[in-house]
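Engineer: Can you read through this structure? Questions will come right after.
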Amino acid sequence: MKRLTLTRPGSAGSVPPARPALVLALLAGGLVFGVLSPRPVQAQAEYTVSGVIADTAGAGLNGAMVVALAKPDSVLTRFTTTNGDGVFALGGLGPGEYILQITLLGHGTIRQDLSLTGDVNVGTINLEVMAVEMDPLVITLDHVPFLNRRDTLGYNALAFRTRPNATVEDLLRQMPGIEVETDGSITAQGEEVENVLVDGREFFGSDPKIATQNLPADAVERVEVYDKESDMAEFTGIADGEEERTINLELKEEARSGYFGRTSGGLGADMDNASVSPGFGESVAQRLPTLSESGTVAGGIPYAGALSLNRFSPTTQLALIGSANNVNQAGFGWGDAMSFGGRDFGRGGGGDDGLTETLSVGLNASHDFGGNDDNWVRTSYFLSTLDNFQNETRRQEQLLGTNASSLVDRATRTETDNSRHRVNLNSQFTLSEGHELRLRGNLNASTSLLDRVDLQDTRSGSGQFLTFASTNYDVDGDNLGGDARLTWRKRLNDNGQSLVAEARVNISDSDRLTNLASTIEGNVENPRARAGDVLQEQTNVGQTLNHSVRLSMTQPLPGRSVVEIYGERSATAEDENQSVFDIGDAGRTLNPLLTSGFERTYSYLRGGFRFNRTNEAGRLVLGLRVQGSNLEGTILDRSEEISNGYMHVLPNAEYRIQVDDTRTLQFRYSTSTREPRMTDLQPFVDNRDPLRIRVGNPDLRPEYTHRLRTEYRFFDTFSFVNLFTWANVSVTTNDITQARTVTERGLQTISPVNLGQSWSANGGASFGTPLRWMGGQVDLNYNLNYSHSNEFVNQIENRSRSLSHTVGVELENRAKEDYDVRGGAKFTFSDVTYSLNEELNEDYLNSTLYGSADVYLGPWTLATELQYRLYDQDLFGPGRNVALWEASLRRLILDDRAEIRLVAFDLLGQNQGVTYTNSPGFIQERRVESLTQYVMLNFTWYLGSQAMAGGGGRGGGGRFRR
């Protein structure tokens, strides 16, 4: 395996900014412009098509649907229905080529070509009666990309083109209002997607990435986005504020019965598996021999193998998946298993997060008993391992006080080795009519090994040397956890009055062993937990138990209304013990200042009501909850008791309205409290970063937050214009923020405190429309994020404000039988201000230009994609922009049941992970070495139905494309 070494910019092994990247970007832009360049537009006349629709006996047919589909991509242009005599008149059509389609339930569908140069009377068209009735809407919906209902936005998957061999994740990237990040996380209409279902059934539990990254796009007929209610809300029929943004993948009929899947394997040649050095400040670079040791994760020959096998029937779903690769393709979400004490350890991999090698295997089973949805079992097991190596650098402008700041150069090497087992169960049993029982359970066990070397050079804003810190620590951690939920409903009488009860339990047990060695150079003070040299062994052991019981009564009211009255009791018990030993010539010596233990118990009593009213147009929910909470805590080594009680009133409201068939509007208001985390309360000293010592605060109070969300959806079935907008505002009182004490040398002690009020807002809009005059489609996106928060720096309040705007535009061709070309740009404008030191106020612009092209030549497909990321050169000085160019050549063989694909990744050798972060105390640029140049030859064999066997990808001739 190849050694990976951080090098200074300009030294051997570094790559200067590549001019070819700019040239390629311009060439890609020219290609897109050439394909999609506008043609002269002239005023067009409008014509009318008229005629009569009759049966075979000549009698006029009432209510037949007459649709004009524009060639060549079958766009629904106009439609109408016949009157009682079968007569129709379809107006507003421009000159051109059309398909005239006539459908009527119980009759055969008629299609005929039509060339318009003036008004046309098609005469009488006779429809034959069909022996077996078919739903004509199935044909019509093939051309309509959206279906907008009161609480669900449906996407017709057949209307969106994807590349051959595409996954569901690739399909989602084409859909307006849905964003898929490089790590596989999904956002739909501004909210993170927490569940992905397959035909309404859970698929490998609640990990959305497993379904989207392993199921083929060709198996999906429709994608639905909605807010899935909790088990309690489904039983009571009243929203309880615990909705989760969910995507449901509705499969094609041929995928619901039989088996389908694929198996693939590939080997490559490593052209340069140690990527471009991130680059860092001169002061850190001079001390880099510490980081010149090798990192061997994902080195050697690039490889990738995967298996996805699915056996579905109307009542049963079985799925087996597995993968192994060292090219940063996780195929699953890591979840929260490695979050020890609220701080992340050993997580990484995927996207631009260093070099990653993964292995995973999983089995999912689902069965409906009795051929209905009343009795079912869903279960799965998943094993995953993830090894990650990261070389990263950070440049950070820090706020240290009034007119005081520092510039931090930081270089870090991290190696992690993670493994996780996860089992989940979800089942429902109907004991009798109106009497149900639902059980959910999850069990997971994980281990993590981490080794980190960290170098930090801190200088004042004027360039004066303050401190240099070297830290080396390794962590060995284990975590065992599980949760269960039992929900019961009993209908008491025929009018729908019901009794619903739910019990929950959640347990976790974690332990962590840390070996820490750190050195601080400079004129260093020696407060608690800090010395010039630290050599320690630290152990942390913690347990958590959550349990709750809830009982509610629902009563139907006139006017399709329901009221619920409920009560709940819950408790959270946590304890954590930290033991710290100093390592010296005499061996291990207990450090009494850093050794401590803490126990806390939060108990709650809640009671309230909810009112729900539903009609054809929408839904109204009003609720009020009174919550009493009590904190009992003990600091073990001090025999110190903590006792606090709180009372909160928590109202909530929701209103959804279906304005018409094309427009939906929603408002949601909620309130909540957030108790301090264990890591915020416990008075432990965390000295793993010797320049930033962290200490808990047992006197914290709960936060109280108001949230308001609005959402508007619009889709015009005539023009295919779509608009999705959303906005969120939250206001938090007793905001838990941080107080920093900073010395003259830049050493910090940080503690959480309650400080006044903070608020944030975000919103966005997605707009798309066909550009028929140029044969294209344009999509515009806008996102806004604003936050206002406070902190204390040396007991002086600092008010920070962060504002960012992201504007995106994308163009693509619509007729995709022969080629698929798209290009776009995204610009992010950021502005950050600090009341304590206005000299640190910054505004900067980062942008991304991208383009892609797929050319279909019979069984051959040639594909290429270029992404060029440009970063502000004024914030941290001149830096390297990043161009990522990929290309592939694919050939279908064996009657389209297999394919051979040659892939070239990062042809320019510039791939690198770059992120910018704003916080109340600093602005930061982070650069991470990432997987770079390789070529790979891959073979894929499609299993099962011919319809699932790749072929030419999604979106064949005659279907609508975006």
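Please note that chains go A, B, ... in the order of the structure tokens, that every chain numbers its residues from 1, and that ligands are numbered from 1 in the order shown.
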Name the residues in contact with Trp376 of chain A at a cut-off of 12 Å, using only C-alpha atoms, excluding same-chain residues fewer than 5 positions from it; report them as a PDB file with all heavy atoms, in the first residue's frame.

Structural biologist:
```
ATOM      1  N   ARG A 201     -42.959  -0.174   2.901  1.00  0.00           N
ATOM      2  CA  ARG A 201     -42.364  -1.040   3.914  1.00  0.00           C
ATOM      3  C   ARG A 201     -40.940  -0.583   4.221  1.00  0.00           C
ATOM      4  O   ARG A 201     -40.207  -0.153   3.335  1.00  0.00           O
ATOM      5  CB  ARG A 201     -42.339  -2.497   3.434  1.00  0.00           C
ATOM      6  CG  ARG A 201     -43.718  -3.035   3.075  1.00  0.00           C
ATOM      7  CD  ARG A 201     -43.594  -4.350   2.328  1.00  0.00           C
ATOM      8  NE  ARG A 201     -44.909  -4.886   1.958  1.00  0.00           N
ATOM      9  CZ  ARG A 201     -45.080  -5.934   1.167  1.00  0.00           C
ATOM     10  NH1 ARG A 201     -44.026  -6.550   0.654  1.00  0.00           N
ATOM     11  NH2 ARG A 201     -46.297  -6.356   0.881  1.00  0.00           N
ATOM     12  N   GLU A 202     -40.556  -0.716   5.472  1.00  0.00           N
ATOM     13  CA  GLU A 202     -39.196  -0.370   5.850  1.00  0.00           C
ATOM     14  C   GLU A 202     -38.203  -1.286   5.147  1.00  0.00           C
ATOM     15  O   GLU A 202     -38.444  -2.471   4.959  1.00  0.00           O
ATOM     16  CB  GLU A 202     -39.012  -0.474   7.366  1.00  0.00           C
ATOM     17  CG  GLU A 202     -39.783   0.588   8.135  1.00  0.00           C
ATOM     18  CD  GLU A 202     -39.514   0.527   9.633  1.00  0.00           C
ATOM     19  OE1 GLU A 202     -38.781  -0.403  10.056  1.00  0.00           O
ATOM     20  OE2 GLU A 202     -40.018   1.378  10.365  1.00  0.00           O
ATOM     21  N   THR A 315     -46.799 -10.202  -0.901  1.00  0.00           N
ATOM     22  CA  THR A 315     -46.827 -10.266   0.566  1.00  0.00           C
ATOM     23  C   THR A 315     -45.441 -10.333   1.198  1.00  0.00           C
ATOM     24  O   THR A 315     -45.323 -10.178   2.415  1.00  0.00           O
ATOM     25  CB  THR A 315     -47.616 -11.495   1.036  1.00  0.00           C
ATOM     26  OG1 THR A 315     -46.996 -12.690   0.525  1.00  0.00           O
ATOM     27  CG2 THR A 315     -49.056 -11.416   0.563  1.00  0.00           C
ATOM     28  N   THR A 316     -44.396 -10.558   0.412  1.00  0.00           N
ATOM     29  CA  THR A 316     -43.071 -10.784   0.986  1.00  0.00           C
ATOM     30  C   THR A 316     -42.012 -10.000   0.231  1.00  0.00           C
ATOM     31  O   THR A 316     -42.054  -9.921  -1.007  1.00  0.00           O
ATOM     32  CB  THR A 316     -42.718 -12.284   0.957  1.00  0.00           C
ATOM     33  OG1 THR A 316     -43.723 -13.026   1.644  1.00  0.00           O
ATOM     34  CG2 THR A 316     -41.371 -12.540   1.617  1.00  0.00           C
ATOM     35  N   GLN A 317     -41.075  -9.430   0.976  1.00  0.00           N
ATOM     36  CA  GLN A 317     -39.889  -8.810   0.405  1.00  0.00           C
ATOM     37  C   GLN A 317     -38.657  -9.415   1.071  1.00  0.00           C
ATOM     38  O   GLN A 317     -38.542  -9.406   2.292  1.00  0.00           O
ATOM     39  CB  GLN A 317     -39.881  -7.293   0.623  1.00  0.00           C
ATOM     40  CG  GLN A 317     -40.921  -6.528  -0.167  1.00  0.00           C
ATOM     41  CD  GLN A 317     -40.796  -5.020   0.057  1.00  0.00           C
ATOM     42  OE1 GLN A 317     -39.985  -4.561   0.859  1.00  0.00           O
ATOM     43  NE2 GLN A 317     -41.595  -4.245  -0.650  1.00  0.00           N
ATOM     44  N   ALA A 365     -35.942  -8.686   5.507  1.00  0.00           N
ATOM     45  CA  ALA A 365     -37.101  -9.538   5.264  1.00  0.00           C
ATOM     46  C   ALA A 365     -38.362  -8.820   5.725  1.00  0.00           C
ATOM     47  O   ALA A 365     -38.376  -8.182   6.779  1.00  0.00           O
ATOM     48  CB  ALA A 365     -36.968 -10.873   5.998  1.00  0.00           C
ATOM     49  N   SER A 366     -39.412  -8.940   4.924  1.00  0.00           N
ATOM     50  CA  SER A 366     -40.694  -8.335   5.257  1.00  0.00           C
ATOM     51  C   SER A 366     -41.799  -9.261   4.777  1.00  0.00           C
ATOM     52  O   SER A 366     -41.735  -9.790   3.661  1.00  0.00           O
ATOM     53  CB  SER A 366     -40.827  -6.962   4.581  1.00  0.00           C
ATOM     54  OG  SER A 366     -42.103  -6.416   4.786  1.00  0.00           O
ATOM     55  N   HIS A 367     -42.810  -9.463   5.628  1.00  0.00           N
ATOM     56  CA  HIS A 367     -43.901 -10.364   5.258  1.00  0.00           C
ATOM     57  C   HIS A 367     -45.217  -9.854   5.824  1.00  0.00           C
ATOM     58  O   HIS A 367     -45.294  -9.473   6.991  1.00  0.00           O
ATOM     59  CB  HIS A 367     -43.643 -11.777   5.776  1.00  0.00           C
ATOM     60  CG  HIS A 367     -44.701 -12.760   5.369  1.00  0.00           C
ATOM     61  ND1 HIS A 367     -44.864 -13.178   4.064  1.00  0.00           N
ATOM     62  CD2 HIS A 367     -45.664 -13.395   6.096  1.00  0.00           C
ATOM     63  CE1 HIS A 367     -45.867 -14.037   4.004  1.00  0.00           C
ATOM     64  NE2 HIS A 367     -46.374 -14.175   5.220  1.00  0.00           N
ATOM     65  N   ASP A 368     -46.231  -9.817   4.967  1.00  0.00           N
ATOM     66  CA  ASP A 368     -47.588  -9.486   5.374  1.00  0.00           C
ATOM     67  C   ASP A 368     -48.382 -10.784   5.522  1.00  0.00           C
ATOM     68  O   ASP A 368     -48.422 -11.606   4.591  1.00  0.00           O
ATOM     69  CB  ASP A 368     -48.274  -8.597   4.341  1.00  0.00           C
ATOM     70  CG  ASP A 368     -47.635  -7.233   4.247  1.00  0.00           C
ATOM     71  OD1 ASP A 368     -46.827  -6.888   5.125  1.00  0.00           O
ATOM     72  OD2 ASP A 368     -47.921  -6.503   3.275  1.00  0.00           O
ATOM     73  N   PHE A 369     -48.999 -10.962   6.677  1.00  0.00           N
ATOM     74  CA  PHE A 369     -49.765 -12.179   6.947  1.00  0.00           C
ATOM     75  C   PHE A 369     -51.218 -11.984   6.529  1.00  0.00           C
ATOM     76  O   PHE A 369     -51.792 -10.911   6.710  1.00  0.00           O
ATOM     77  CB  PHE A 369     -49.702 -12.531   8.432  1.00  0.00           C
ATOM     78  CG  PHE A 369     -48.315 -12.830   8.915  1.00  0.00           C
ATOM     79  CD1 PHE A 369     -47.553 -11.840   9.511  1.00  0.00           C
ATOM     80  CD2 PHE A 369     -47.762 -14.093   8.762  1.00  0.00           C
ATOM     81  CE1 PHE A 369     -46.270 -12.096   9.953  1.00  0.00           C
ATOM     82  CE2 PHE A 369     -46.486 -14.366   9.195  1.00  0.00           C
ATOM     83  CZ  PHE A 369     -45.732 -13.360   9.794  1.00  0.00           C
ATOM     84  N   GLY A 370     -51.820 -13.027   5.985  1.00  0.00           N
ATOM     85  CA  GLY A 370     -53.229 -12.976   5.652  1.00  0.00           C
ATOM     86  C   GLY A 370     -53.545 -12.160   4.427  1.00  0.00           C
ATOM     87  O   GLY A 370     -54.710 -11.863   4.162  1.00  0.00           O
ATOM     88  N   GLY A 371     -52.509 -11.755   3.668  1.00  0.00           N
ATOM     89  CA  GLY A 371     -52.752 -11.012   2.438  1.00  0.00           C
ATOM     90  C   GLY A 371     -53.285  -9.617   2.648  1.00  0.00           C
ATOM     91  O   GLY A 371     -53.884  -9.034   1.746  1.00  0.00           O
ATOM     92  N   LEU A 425     -36.385  -4.724  14.274  1.00  0.00           N
ATOM     93  CA  LEU A 425     -37.645  -5.453  14.139  1.00  0.00           C
ATOM     94  C   LEU A 425     -38.784  -4.451  14.203  1.00  0.00           C
ATOM     95  O   LEU A 425     -38.793  -3.542  15.040  1.00  0.00           O
ATOM     96  CB  LEU A 425     -37.798  -6.476  15.272  1.00  0.00           C
ATOM     97  CG  LEU A 425     -39.159  -7.174  15.388  1.00  0.00           C
ATOM     98  CD1 LEU A 425     -39.362  -8.119  14.207  1.00  0.00           C
ATOM     99  CD2 LEU A 425     -39.264  -7.930  16.712  1.00  0.00           C
ATOM    100  N   ASN A 426     -39.750  -4.609  13.312  1.00  0.00           N
ATOM    101  CA  ASN A 426     -40.963  -3.788  13.305  1.00  0.00           C
ATOM    102  C   ASN A 426     -42.121  -4.701  12.935  1.00  0.00           C
ATOM    103  O   ASN A 426     -42.101  -5.336  11.877  1.00  0.00           O
ATOM    104  CB  ASN A 426     -40.826  -2.638  12.309  1.00  0.00           C
ATOM    105  CG  ASN A 426     -42.044  -1.739  12.287  1.00  0.00           C
ATOM    106  OD1 ASN A 426     -42.865  -1.784  13.195  1.00  0.00           O
ATOM    107  ND2 ASN A 426     -42.153  -0.919  11.258  1.00  0.00           N
ATOM    108  N   SER A 427     -43.113  -4.815  13.803  1.00  0.00           N
ATOM    109  CA  SER A 427     -44.202  -5.761  13.552  1.00  0.00           C
ATOM    110  C   SER A 427     -45.522  -5.188  14.047  1.00  0.00           C
ATOM    111  O   SER A 427     -45.557  -4.340  14.953  1.00  0.00           O
ATOM    112  CB  SER A 427     -43.929  -7.095  14.248  1.00  0.00           C
ATOM    113  OG  SER A 427     -43.800  -6.913  15.651  1.00  0.00           O
ATOM    114  N   GLN A 428     -46.597  -5.642  13.438  1.00  0.00           N
ATOM    115  CA  GLN A 428     -47.940  -5.252  13.864  1.00  0.00           C
ATOM    116  C   GLN A 428     -48.845  -6.484  13.829  1.00  0.00           C
ATOM    117  O   GLN A 428     -48.771  -7.291  12.902  1.00  0.00           O
ATOM    118  CB  GLN A 428     -48.519  -4.167  12.964  1.00  0.00           C
ATOM    119  CG  GLN A 428     -49.954  -3.781  13.328  1.00  0.00           C
ATOM    120  CD  GLN A 428     -50.458  -2.600  12.529  1.00  0.00           C
ATOM    121  OE1 GLN A 428     -49.881  -1.519  12.573  1.00  0.00           O
ATOM    122  NE2 GLN A 428     -51.535  -2.803  11.789  1.00  0.00           N
ATOM    123  N   PHE A 429     -49.698  -6.595  14.852  1.00  0.00           N
ATOM    124  CA  PHE A 429     -50.641  -7.704  14.945  1.00  0.00           C
ATOM    125  C   PHE A 429     -52.025  -7.148  15.258  1.00  0.00           C
ATOM    126  O   PHE A 429     -52.178  -6.313  16.147  1.00  0.00           O
ATOM    127  CB  PHE A 429     -50.214  -8.693  16.030  1.00  0.00           C
ATOM    128  CG  PHE A 429     -48.831  -9.247  15.823  1.00  0.00           C
ATOM    129  CD1 PHE A 429     -47.750  -8.681  16.472  1.00  0.00           C
ATOM    130  CD2 PHE A 429     -48.617 -10.308  14.964  1.00  0.00           C
ATOM    131  CE1 PHE A 429     -46.468  -9.171  16.274  1.00  0.00           C
ATOM    132  CE2 PHE A 429     -47.341 -10.811  14.765  1.00  0.00           C
ATOM    133  CZ  PHE A 429     -46.268 -10.244  15.415  1.00  0.00           C
ATOM    134  N   THR A 430     -53.023  -7.608  14.514  1.00  0.00           N
ATOM    135  CA  THR A 430     -54.405  -7.238  14.757  1.00  0.00           C
ATOM    136  C   THR A 430     -55.051  -8.340  15.584  1.00  0.00           C
ATOM    137  O   THR A 430     -55.251  -9.467  15.093  1.00  0.00           O
ATOM    138  CB  THR A 430     -55.148  -7.026  13.433  1.00  0.00           C
ATOM    139  OG1 THR A 430     -54.499  -5.992  12.698  1.00  0.00           O
ATOM    140  CG2 THR A 430     -56.596  -6.628  13.691  1.00  0.00           C
ATOM    141  N   GLU A 436     -55.310  -3.361  17.883  1.00  0.00           N
ATOM    142  CA  GLU A 436     -54.017  -3.603  17.269  1.00  0.00           C
ATOM    143  C   GLU A 436     -52.886  -3.452  18.283  1.00  0.00           C
ATOM    144  O   GLU A 436     -53.010  -2.746  19.278  1.00  0.00           O
ATOM    145  CB  GLU A 436     -53.766  -2.624  16.108  1.00  0.00           C
ATOM    146  CG  GLU A 436     -54.705  -2.774  14.932  1.00  0.00           C
ATOM    147  CD  GLU A 436     -55.874  -1.807  15.029  1.00  0.00           C
ATOM    148  OE1 GLU A 436     -55.864  -0.949  15.933  1.00  0.00           O
ATOM    149  OE2 GLU A 436     -56.793  -1.929  14.215  1.00  0.00           O
ATOM    150  N   LEU A 437     -51.767  -4.089  17.916  1.00  0.00           N
ATOM    151  CA  LEU A 437     -50.556  -4.036  18.723  1.00  0.00           C
ATOM    152  C   LEU A 437     -49.369  -3.902  17.768  1.00  0.00           C
ATOM    153  O   LEU A 437     -49.259  -4.666  16.807  1.00  0.00           O
ATOM    154  CB  LEU A 437     -50.418  -5.312  19.561  1.00  0.00           C
ATOM    155  CG  LEU A 437     -49.326  -5.342  20.635  1.00  0.00           C
ATOM    156  CD1 LEU A 437     -49.651  -4.346  21.753  1.00  0.00           C
ATOM    157  CD2 LEU A 437     -49.193  -6.744  21.200  1.00  0.00           C
ATOM    158  N   ARG A 438     -48.504  -2.932  18.031  1.00  0.00           N
ATOM    159  CA  ARG A 438     -47.330  -2.720  17.179  1.00  0.00           C
ATOM    160  C   ARG A 438     -46.076  -2.711  18.050  1.00  0.00           C
ATOM    161  O   ARG A 438     -46.024  -2.040  19.087  1.00  0.00           O
ATOM    162  CB  ARG A 438     -47.433  -1.412  16.400  1.00  0.00           C
ATOM    163  CG  ARG A 438     -46.268  -1.173  15.442  1.00  0.00           C
ATOM    164  CD  ARG A 438     -46.461   0.088  14.610  1.00  0.00           C
ATOM    165  NE  ARG A 438     -47.627  -0.019  13.743  1.00  0.00           N
ATOM    166  CZ  ARG A 438     -47.992   0.946  12.895  1.00  0.00           C
ATOM    167  NH1 ARG A 438     -47.299   2.089  12.843  1.00  0.00           N
ATOM    168  NH2 ARG A 438     -49.057   0.795  12.133  1.00  0.00           N
ATOM    169  N   LEU A 439     -45.045  -3.433  17.608  1.00  0.00           N
ATOM    170  CA  LEU A 439     -43.781  -3.539  18.346  1.00  0.00           C
ATOM    171  C   LEU A 439     -42.632  -3.154  17.440  1.00  0.00           C
ATOM    172  O   LEU A 439     -42.509  -3.659  16.316  1.00  0.00           O
ATOM    173  CB  LEU A 439     -43.583  -4.970  18.859  1.00  0.00           C
ATOM    174  CG  LEU A 439     -42.232  -5.276  19.513  1.00  0.00           C
ATOM    175  CD1 LEU A 439     -42.061  -4.476  20.804  1.00  0.00           C
ATOM    176  CD2 LEU A 439     -42.082  -6.772  19.789  1.00  0.00           C
ATOM    177  N   ARG A 440     -41.770  -2.268  17.938  1.00  0.00           N
ATOM    178  CA  ARG A 440     -40.540  -1.892  17.249  1.00  0.00           C
ATOM    179  C   ARG A 440     -39.359  -2.150  18.168  1.00  0.00           C
ATOM    180  O   ARG A 440     -39.457  -1.932  19.381  1.00  0.00           O
ATOM    181  CB  ARG A 440     -40.523  -0.411  16.872  1.00  0.00           C
ATOM    182  CG  ARG A 440     -41.433  -0.009  15.748  1.00  0.00           C
ATOM    183  CD  ARG A 440     -41.291   1.478  15.467  1.00  0.00           C
ATOM    184  NE  ARG A 440     -42.160   1.924  14.417  1.00  0.00           N
ATOM    185  CZ  ARG A 440     -41.829   1.941  13.122  1.00  0.00           C
ATOM    186  NH1 ARG A 440     -40.613   1.548  12.763  1.00  0.00           N
ATOM    187  NH2 ARG A 440     -42.680   2.359  12.211  1.00  0.00           N
TER     188      ARG A 440
END
```

Engineer: With only C-alpha atoms as the counted atoms, please give the residues lying no more than 6 Å from segment 410-415 of chain A, apart from itself and same-chain residues fewer than 4 positions off, as a ChimeraX atom specification.

Structural biologist: /A:388-394,450-456

Engineer: Any idea what the distance is between atom CA of Ile923 of chain A and atom CA of Thr733 of chain A?

Structural biologist: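 Answer for the atom CA of Ile923 of chain A to atom CA of Thr733 of chain A separation: 24.9 Å.
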
Engineer: Using only C-alpha atoms, which protein or nucleic acid residues come within 12 Å of Ile186 of chain A? Drop anything in the same chain fewer than 2 positions from it, and give the result as a count of residues only.

Structural biologist: 34

Engineer: Out of A:Asn375, A:Ser257, A:Asn540, A:Thr614, which residue has the shortest atom-to-atom distance to Gly237 of chain A when counting only C-alpha atoms?

Structural biologist: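 Using only C-alpha atoms, Gly237 of chain A sits closest to A:Thr614.
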
Engineer: So that I can check the surroundings of Tyr871 of chain A, please list as a PyMOL selection string every protein, DNA and RNA residue that reaches within 9 Å of it, counting only C-alpha atoms and ignoring chain neighbours fewer than 6 positions away.

Structural biologist: chain A and resi 844-848+879-882+914

Engineer: Please dump the current selection as a PDB file, in the first residue's frame; keep C-alpha atoms.

Structural biologist:
```pdb
ATOM      1  CA  TYR A 844     -16.813  35.771   0.612  1.00  0.00           C
ATOM      2  CA  LEU A 845     -18.003  33.872  -2.448  1.00  0.00           C
ATOM      3  CA  ASN A 846     -17.521  30.199  -3.282  1.00  0.00           C
ATOM      4  CA  SER A 847     -18.903  28.763  -6.492  1.00  0.00           C
ATOM      5  CA  THR A 848     -19.178  25.569  -8.497  1.00  0.00           C
ATOM      6  CA  GLY A 879      -5.490  28.829  -2.574  1.00  0.00           C
ATOM      7  CA  ARG A 880      -6.131  25.979  -4.929  1.00  0.00           C
ATOM      8  CA  ASN A 881      -9.385  25.625  -6.800  1.00  0.00           C
ATOM      9  CA  VAL A 882     -10.448  22.046  -7.463  1.00  0.00           C
ATOM     10  CA  VAL A 914     -12.834  21.520   0.966  1.00  0.00           C
TER      11      VAL A 914
END
```

Engineer: Using only C-alpha atoms, can you tell me which of A:Glu537, A:Glu812, A:Glu502, A:Asp872 comes closest to Gly567 of chain A?

Structural biologist: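 Checking each of A:Glu537, A:Glu812, A:Glu502, A:Asp872 against Gly567 of chain A, counting only C-alpha atoms, the winner is A:Glu502.
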
Engineer: Dump as a Markdown table the rows for residues of segment 615-709 of chain A within 7 Å of segment 735-754 of chain A: closest atom pair and distance in Å with one decimal, only C-alpha atoms counted, ordered by chain and rising residue number.

Structural biologist:
```
| residue | atom | partner | partner_atom | distance |
| --- | --- | --- | --- | --- |
| A:Asp680 | CA | A:Pro752 | CA | 6.3 |
| A:Leu691 | CA | A:Leu747 | CA | 5.0 |
| A:Arg692 | CA | A:Gln748 | CA | 4.8 |
| A:Ile693 | CA | A:Thr749 | CA | 4.7 |
| A:Arg694 | CA | A:Ile750 | CA | 4.8 |
| A:Val695 | CA | A:Ser751 | CA | 5.2 |
| A:Gly696 | CA | A:Ser751 | CA | 5.7 |
| A:Asn697 | CA | A:Pro752 | CA | 6.2 |
| A:Leu700 | CA | A:Val753 | CA | 6.3 |
| A:Arg701 | CA | A:Asn754 | CA | 6.8 |
| A:Glu703 | CA | A:Asp735 | CA | 5.5 |
```

Engineer: Which of these, A:Glu842, A:Glu929, A:Asp896, A:Glu886, has the shortest distance to Glu865 of chain A once you count only C-alpha atoms?

Structural biologist: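 Nearest to Glu865 of chain A: A:Glu886.
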
Engineer: Compare A:Leu267, A:Ala304, A:Ala445, A:Val729 by their minimum atom-to-atom distance to Gly477 of chain A, counting only C-alpha atoms, and give me the closest one.

Structural biologist: A:Ala445
